[in-house]
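Trainee: Here's a structure for you.
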Amino acid sequence: MRQTTGWRRYQMLLAIFCVSSVSIATQAQEAKTVVGPVNPELHDGAEALLAGDAEAGVRLTLIGLKQANSARERYTAWSNLCAGYVMLEQLDTALDYCNRVIEATDGHWRAYSNRALVYVKLKRYDEAEQDLQKGEALSPGARTLKAVRAMLRDAVEPVAPSIVIDDRRQPPGPGDDD
Amino acid sequence: MMTRRWAWLAMVAWFTGVSANEETQVTHLTDDAGDRQPLQTMIPVYPERARRDRLEGDVEVCFSVDREGRTSRVRVRNSTHRIFEKPSILAVRASTYRPLPDDKTLPGIKTCRTFRFRLTPVAIENPTPVR
């Protein structure tokens, strides 16, 4: 099925929604409180991805990954890089980063959602189904997972909308007269 | 041009109305029995969430048509799913009918239109998934 511009834009937006929120909490150090992101590049990379700028988002996130000080920051960076490379249509690289997150955490539903999206685009539908099931078990009803599941279903069982407009004369019902 | 007064089934037509998705197939069923004929029929948008969740439904909308062909008092008479109601109402509000000529003494009319939202299977070009 030929991808329309609108469908590709939808896939990009879907990848954006899979970006992990990098809400770095305030960090209290003895008598001092540091306010703001601890890893600014990681934070700015996420913002760029959410704004739709995949190139900037990936570039900043790669910098943020080098400066990561914790496992959580690394997992966040990998997850966002997966989403970013999906947006850049570099699927093998995206898959690599998604695999890293899942191997390291095995509990990040967004990572399963991202990887499922990559598998759908790679037409690896069985693996996409497995990741979706894992993601849905971790976060039932997540909107992003529903969207990826819809994409998988459309890939495996595509449908096209049709509308019938029936103007044939019908008798008025009770209460139609004012 | 329909010349007979009993019900006809219209041909399947592709509309390019303002609100139509380019992939949406539209069928317009009319008959010649009515006093007023549609002039511009706007097609409702298939809601994205309905499409995502594979929802189908019917909505019957009743409304008034004045002498100038404008619709008013649009309301839903029946529906099988609420998600389709708003697009149906908006489509009817944006639709028009042929104005009555001055020599015609007919007042405005009340009529109803049914929208049936369906998702039809599409043949897959490459059904075998690649691993």
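Letters for chains follow the order of the structure tokens (A, B, ...), residue numbers begin at 1 for each chain, and ligand numbers begin at 1 in the order shown.
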Can you check which residues of chain B have any atom within 6 Å of chain A? Use only C-alpha atoms and format it as JSON, numbers by chain.
Mentor: {"B": [24, 25, 26, 27, 28, 29, 30, 31, 52, 113, 114, 115, 116, 117, 118, 119, 120, 121, 122, 129, 130, 131]}
Trainee: Can you pull out the residues contacting range 50-63 of chain A? Cut-off 7 Å, using only C-alpha atoms, and skip same-chain residues under 4 positions away; I want them as an MDAnalysis selection string.
Mentor: chainID A and resid 16 41:42 44:46 67 77 81 84 87:88
Trainee: So, with only C-alpha atoms as the atoms that count, which of B:Val45, B:Val65, B:Ala50, B:Arg77 lies closest to Ala91 in chain B?
Mentor: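 Under the stated criterion, the closest residue is B:Val45.
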Trainee: Extract, using only C-alpha atoms, all DNA, RNA and protein residues at most 8 Å from Val101 in chain A, discarding same-chain residues fewer than 2 positions from it, and format them as a PDB file with all heavy atoms, in the first residue's frame.
Mentor:
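File written: out_25.pdb
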ATOM      1  N   TYR A  75      19.287   4.719  29.653  1.00  0.00           N
ATOM      2  CA  TYR A  75      18.104   4.056  29.099  1.00  0.00           C
ATOM      3  C   TYR A  75      17.207   5.080  28.398  1.00  0.00           C
ATOM      4  O   TYR A  75      16.652   4.812  27.345  1.00  0.00           O
ATOM      5  CB  TYR A  75      17.303   3.351  30.208  1.00  0.00           C
ATOM      6  CG  TYR A  75      18.083   2.350  31.022  1.00  0.00           C
ATOM      7  CD1 TYR A  75      17.694   2.013  32.317  1.00  0.00           C
ATOM      8  CD2 TYR A  75      19.228   1.739  30.500  1.00  0.00           C
ATOM      9  CE1 TYR A  75      18.412   1.101  33.070  1.00  0.00           C
ATOM     10  CE2 TYR A  75      19.953   0.826  31.252  1.00  0.00           C
ATOM     11  CZ  TYR A  75      19.551   0.508  32.536  1.00  0.00           C
ATOM     12  OH  TYR A  75      20.261  -0.385  33.274  1.00  0.00           O
ATOM     13  N   TRP A  78      18.848   5.951  25.074  1.00  0.00           N
ATOM     14  CA  TRP A  78      18.673   4.879  24.091  1.00  0.00           C
ATOM     15  C   TRP A  78      17.241   4.858  23.559  1.00  0.00           C
ATOM     16  O   TRP A  78      17.010   4.707  22.367  1.00  0.00           O
ATOM     17  CB  TRP A  78      19.000   3.519  24.722  1.00  0.00           C
ATOM     18  CG  TRP A  78      20.446   3.324  25.034  1.00  0.00           C
ATOM     19  CD1 TRP A  78      21.511   4.001  24.505  1.00  0.00           C
ATOM     20  CD2 TRP A  78      20.981   2.383  25.961  1.00  0.00           C
ATOM     21  NE1 TRP A  78      22.680   3.537  25.054  1.00  0.00           N
ATOM     22  CE2 TRP A  78      22.398   2.548  25.941  1.00  0.00           C
ATOM     23  CE3 TRP A  78      20.440   1.413  26.801  1.00  0.00           C
ATOM     24  CZ2 TRP A  78      23.247   1.778  26.733  1.00  0.00           C
ATOM     25  CZ3 TRP A  78      21.278   0.649  27.586  1.00  0.00           C
ATOM     26  CH2 TRP A  78      22.675   0.835  27.551  1.00  0.00           C
ATOM     27  N   SER A  79      16.276   4.999  24.483  1.00  0.00           N
ATOM     28  CA  SER A  79      14.869   4.966  24.075  1.00  0.00           C
ATOM     29  C   SER A  79      14.563   6.119  23.120  1.00  0.00           C
ATOM     30  O   SER A  79      13.905   5.943  22.098  1.00  0.00           O
ATOM     31  CB  SER A  79      13.970   5.044  25.311  1.00  0.00           C
ATOM     32  OG  SER A  79      12.614   4.981  24.938  1.00  0.00           O
ATOM     33  N   TYR A  97      19.180   0.531  19.144  1.00  0.00           N
ATOM     34  CA  TYR A  97      18.979   1.254  20.404  1.00  0.00           C
ATOM     35  C   TYR A  97      17.789   0.708  21.194  1.00  0.00           C
ATOM     36  O   TYR A  97      17.831   0.628  22.423  1.00  0.00           O
ATOM     37  CB  TYR A  97      18.816   2.758  20.143  1.00  0.00           C
ATOM     38  CG  TYR A  97      20.131   3.450  19.903  1.00  0.00           C
ATOM     39  CD1 TYR A  97      20.480   3.913  18.640  1.00  0.00           C
ATOM     40  CD2 TYR A  97      21.043   3.615  20.933  1.00  0.00           C
ATOM     41  CE1 TYR A  97      21.689   4.531  18.410  1.00  0.00           C
ATOM     42  CE2 TYR A  97      22.256   4.232  20.713  1.00  0.00           C
ATOM     43  CZ  TYR A  97      22.583   4.682  19.448  1.00  0.00           C
ATOM     44  OH  TYR A  97      23.789   5.288  19.225  1.00  0.00           O
ATOM     45  N   CYS A  98      16.734   0.350  20.506  1.00  0.00           N
ATOM     46  CA  CYS A  98      15.599  -0.242  21.214  1.00  0.00           C
ATOM     47  C   CYS A  98      15.998  -1.554  21.882  1.00  0.00           C
ATOM     48  O   CYS A  98      15.578  -1.849  23.008  1.00  0.00           O
ATOM     49  CB  CYS A  98      14.448  -0.477  20.241  1.00  0.00           C
ATOM     50  SG  CYS A  98      13.319   0.920  20.103  1.00  0.00           S
ATOM     51  N   ASN A  99      16.803  -2.327  21.185  1.00  0.00           N
ATOM     52  CA  ASN A  99      17.257  -3.598  21.766  1.00  0.00           C
ATOM     53  C   ASN A  99      18.076  -3.363  23.030  1.00  0.00           C
ATOM     54  O   ASN A  99      17.956  -4.096  24.010  1.00  0.00           O
ATOM     55  CB  ASN A  99      18.097  -4.366  20.748  1.00  0.00           C
ATOM     56  CG  ASN A  99      17.254  -5.004  19.663  1.00  0.00           C
ATOM     57  OD1 ASN A  99      16.062  -5.263  19.857  1.00  0.00           O
ATOM     58  ND2 ASN A  99      17.863  -5.259  18.517  1.00  0.00           N
ATOM     59  N   GLU A 103      17.021  -4.990  26.553  1.00  0.00           N
ATOM     60  CA  GLU A 103      17.942  -5.936  27.183  1.00  0.00           C
ATOM     61  C   GLU A 103      18.367  -5.452  28.560  1.00  0.00           C
ATOM     62  O   GLU A 103      18.573  -6.248  29.466  1.00  0.00           O
ATOM     63  CB  GLU A 103      19.161  -6.140  26.287  1.00  0.00           C
ATOM     64  CG  GLU A 103      18.866  -6.973  25.050  1.00  0.00           C
ATOM     65  CD  GLU A 103      19.958  -6.840  23.996  1.00  0.00           C
ATOM     66  OE1 GLU A 103      21.030  -6.283  24.310  1.00  0.00           O
ATOM     67  OE2 GLU A 103      19.735  -7.292  22.857  1.00  0.00           O
ATOM     68  N   ALA A 104      18.452  -4.132  28.712  1.00  0.00           N
ATOM     69  CA  ALA A 104      18.924  -3.602  29.988  1.00  0.00           C
ATOM     70  C   ALA A 104      17.814  -3.527  31.036  1.00  0.00           C
ATOM     71  O   ALA A 104      18.068  -3.693  32.221  1.00  0.00           O
ATOM     72  CB  ALA A 104      19.519  -2.206  29.782  1.00  0.00           C
ATOM     73  N   THR A 105      16.598  -3.270  30.603  1.00  0.00           N
ATOM     74  CA  THR A 105      15.528  -3.022  31.580  1.00  0.00           C
ATOM     75  C   THR A 105      14.460  -4.102  31.598  1.00  0.00           C
ATOM     76  O   THR A 105      13.964  -4.466  32.652  1.00  0.00           O
ATOM     77  CB  THR A 105      14.836  -1.683  31.272  1.00  0.00           C
ATOM     78  OG1 THR A 105      14.202  -1.765  29.991  1.00  0.00           O
ATOM     79  CG2 THR A 105      15.824  -0.546  31.278  1.00  0.00           C
ATOM     80  N   ASP A 106      14.038  -4.516  30.404  1.00  0.00           N
ATOM     81  CA  ASP A 106      12.958  -5.493  30.248  1.00  0.00           C
ATOM     82  C   ASP A 106      11.680  -5.033  30.952  1.00  0.00           C
ATOM     83  O   ASP A 106      10.848  -5.820  31.374  1.00  0.00           O
ATOM     84  CB  ASP A 106      13.370  -6.868  30.799  1.00  0.00           C
ATOM     85  CG  ASP A 106      12.494  -7.980  30.231  1.00  0.00           C
ATOM     86  OD1 ASP A 106      12.082  -7.865  29.072  1.00  0.00           O
ATOM     87  OD2 ASP A 106      12.190  -8.945  30.962  1.00  0.00           O
ATOM     88  N   HIS A 108      10.413  -1.478  30.195  1.00  0.00           N
ATOM     89  CA  HIS A 108      10.123  -0.142  29.670  1.00  0.00           C
ATOM     90  C   HIS A 108       9.100  -0.280  28.546  1.00  0.00           C
ATOM     91  O   HIS A 108       9.439  -0.679  27.440  1.00  0.00           O
ATOM     92  CB  HIS A 108      11.431   0.465  29.160  1.00  0.00           C
ATOM     93  CG  HIS A 108      11.399   1.957  29.066  1.00  0.00           C
ATOM     94  ND1 HIS A 108      10.317   2.663  28.612  1.00  0.00           N
ATOM     95  CD2 HIS A 108      12.338   2.870  29.356  1.00  0.00           C
ATOM     96  CE1 HIS A 108      10.583   3.941  28.650  1.00  0.00           C
ATOM     97  NE2 HIS A 108      11.795   4.103  29.093  1.00  0.00           N
ATOM     98  N   ALA A 111       9.805   1.365  25.272  1.00  0.00           N
ATOM     99  CA  ALA A 111      10.806   0.696  24.438  1.00  0.00           C
ATOM    100  C   ALA A 111      10.146  -0.398  23.597  1.00  0.00           C
ATOM    101  O   ALA A 111      10.465  -0.563  22.421  1.00  0.00           O
ATOM    102  CB  ALA A 111      11.909   0.104  25.304  1.00  0.00           C
TER     103      ALA A 111
END
Trainee: Which residues come within 9 Å of Arg73 in chain B, counting only C-alpha atoms, excluding same-chain residues fewer than 6 positions away, as a PDB file with all heavy atoms, in the first residue's frame?
Mentor:
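And here's selection.pdb as it stands now:
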ATOM      1  N   CYS B  62     -31.546  14.244  10.882  1.00  0.00           N
ATOM      2  CA  CYS B  62     -32.726  14.907  10.316  1.00  0.00           C
ATOM      3  C   CYS B  62     -32.555  16.418  10.395  1.00  0.00           C
ATOM      4  O   CYS B  62     -31.916  16.926  11.327  1.00  0.00           O
ATOM      5  CB  CYS B  62     -33.990  14.473  11.058  1.00  0.00           C
ATOM      6  SG  CYS B  62     -34.350  12.712  10.857  1.00  0.00           S
ATOM      7  N   PHE B  63     -33.094  17.109   9.409  1.00  0.00           N
ATOM      8  CA  PHE B  63     -32.845  18.547   9.338  1.00  0.00           C
ATOM      9  C   PHE B  63     -33.901  19.207   8.459  1.00  0.00           C
ATOM     10  O   PHE B  63     -34.687  18.537   7.787  1.00  0.00           O
ATOM     11  CB  PHE B  63     -31.455  18.822   8.758  1.00  0.00           C
ATOM     12  CG  PHE B  63     -31.159  18.079   7.489  1.00  0.00           C
ATOM     13  CD1 PHE B  63     -31.341  18.685   6.250  1.00  0.00           C
ATOM     14  CD2 PHE B  63     -30.708  16.772   7.526  1.00  0.00           C
ATOM     15  CE1 PHE B  63     -31.066  17.995   5.076  1.00  0.00           C
ATOM     16  CE2 PHE B  63     -30.428  16.069   6.359  1.00  0.00           C
ATOM     17  CZ  PHE B  63     -30.607  16.682   5.129  1.00  0.00           C
ATOM     18  N   SER B  64     -33.914  20.513   8.517  1.00  0.00           N
ATOM     19  CA  SER B  64     -34.818  21.300   7.673  1.00  0.00           C
ATOM     20  C   SER B  64     -34.035  21.895   6.511  1.00  0.00           C
ATOM     21  O   SER B  64     -32.836  22.153   6.626  1.00  0.00           O
ATOM     22  CB  SER B  64     -35.469  22.426   8.491  1.00  0.00           C
ATOM     23  OG  SER B  64     -36.214  21.896   9.558  1.00  0.00           O
ATOM     24  N   VAL B  65     -34.734  22.107   5.411  1.00  0.00           N
ATOM     25  CA  VAL B  65     -34.138  22.747   4.232  1.00  0.00           C
ATOM     26  C   VAL B  65     -35.035  23.912   3.844  1.00  0.00           C
ATOM     27  O   VAL B  65     -36.241  23.708   3.597  1.00  0.00           O
ATOM     28  CB  VAL B  65     -34.018  21.757   3.056  1.00  0.00           C
ATOM     29  CG1 VAL B  65     -33.345  22.450   1.859  1.00  0.00           C
ATOM     30  CG2 VAL B  65     -33.233  20.526   3.461  1.00  0.00           C
ATOM     31  N   ARG B  93     -24.572  20.248   7.955  1.00  0.00           N
ATOM     32  CA  ARG B  93     -24.618  21.714   8.072  1.00  0.00           C
ATOM     33  C   ARG B  93     -23.929  22.384   6.895  1.00  0.00           C
ATOM     34  O   ARG B  93     -24.322  23.470   6.459  1.00  0.00           O
ATOM     35  CB  ARG B  93     -23.944  22.155   9.363  1.00  0.00           C
ATOM     36  CG  ARG B  93     -24.790  21.956  10.608  1.00  0.00           C
ATOM     37  CD  ARG B  93     -24.079  22.439  11.848  1.00  0.00           C
ATOM     38  NE  ARG B  93     -24.897  22.240  13.040  1.00  0.00           N
ATOM     39  CZ  ARG B  93     -24.421  22.285  14.271  1.00  0.00           C
ATOM     40  NH1 ARG B  93     -23.125  22.524  14.483  1.00  0.00           N
ATOM     41  NH2 ARG B  93     -25.223  22.090  15.304  1.00  0.00           N
TER      42      ARG B  93
END
Trainee: Could you find all residues in range 115-166 of chain A that DSSP calls strand (DSSP E) from the backbone, and write them as a list in words?
Mentor: Val159, Ala160, Pro161, Ser162, Ile163, Val164, Ile165 and Asp166 of chain A
Trainee: Those residues you just picked out, can you put them in a file as a PDB file, in the first residue's frame with N, CA, C and O atoms?
Mentor:
ATOM      1  N   VAL A 159      -7.474  -1.930   5.696  1.00  0.00           N
ATOM      2  CA  VAL A 159      -8.851  -1.584   5.372  1.00  0.00           C
ATOM      3  C   VAL A 159      -8.878  -0.167   4.823  1.00  0.00           C
ATOM      4  O   VAL A 159      -7.957   0.621   5.053  1.00  0.00           O
ATOM      5  N   ALA A 160      -9.914   0.108   4.103  1.00  0.00           N
ATOM      6  CA  ALA A 160     -10.102   1.449   3.576  1.00  0.00           C
ATOM      7  C   ALA A 160     -11.470   1.950   4.017  1.00  0.00           C
ATOM      8  O   ALA A 160     -12.442   1.184   4.010  1.00  0.00           O
ATOM      9  N   PRO A 161     -11.558   3.206   4.406  1.00  0.00           N
ATOM     10  CA  PRO A 161     -12.849   3.728   4.859  1.00  0.00           C
ATOM     11  C   PRO A 161     -13.795   3.931   3.680  1.00  0.00           C
ATOM     12  O   PRO A 161     -13.374   4.316   2.582  1.00  0.00           O
ATOM     13  N   SER A 162     -15.035   3.656   3.932  1.00  0.00           N
ATOM     14  CA  SER A 162     -16.055   3.950   2.931  1.00  0.00           C
ATOM     15  C   SER A 162     -17.278   4.510   3.650  1.00  0.00           C
ATOM     16  O   SER A 162     -17.555   4.139   4.792  1.00  0.00           O
ATOM     17  N   ILE A 163     -17.952   5.416   2.992  1.00  0.00           N
ATOM     18  CA  ILE A 163     -19.130   6.057   3.583  1.00  0.00           C
ATOM     19  C   ILE A 163     -20.270   5.999   2.578  1.00  0.00           C
ATOM     20  O   ILE A 163     -20.096   6.376   1.414  1.00  0.00           O
ATOM     21  N   VAL A 164     -21.395   5.510   3.039  1.00  0.00           N
ATOM     22  CA  VAL A 164     -22.603   5.520   2.227  1.00  0.00           C
ATOM     23  C   VAL A 164     -23.479   6.660   2.726  1.00  0.00           C
ATOM     24  O   VAL A 164     -23.777   6.752   3.917  1.00  0.00           O
ATOM     25  N   ILE A 165     -23.884   7.536   1.804  1.00  0.00           N
ATOM     26  CA  ILE A 165     -24.786   8.643   2.138  1.00  0.00           C
ATOM     27  C   ILE A 165     -26.138   8.295   1.551  1.00  0.00           C
ATOM     28  O   ILE A 165     -26.301   8.243   0.323  1.00  0.00           O
ATOM     29  N   ASP A 166     -27.063   8.003   2.416  1.00  0.00           N
ATOM     30  CA  ASP A 166     -28.370   7.529   1.976  1.00  0.00           C
ATOM     31  C   ASP A 166     -29.386   8.660   2.093  1.00  0.00           C
ATOM     32  O   ASP A 166     -29.814   9.026   3.184  1.00  0.00           O
TER      33      ASP A 166
END
Trainee: Write out as a ChimeraX atom specification which residues come within 6 Å of Tyr97 in chain B when counting only C-alpha atoms, dropping same-chain ones fewer than 4 positions away.
Mentor: /B:37-39,69
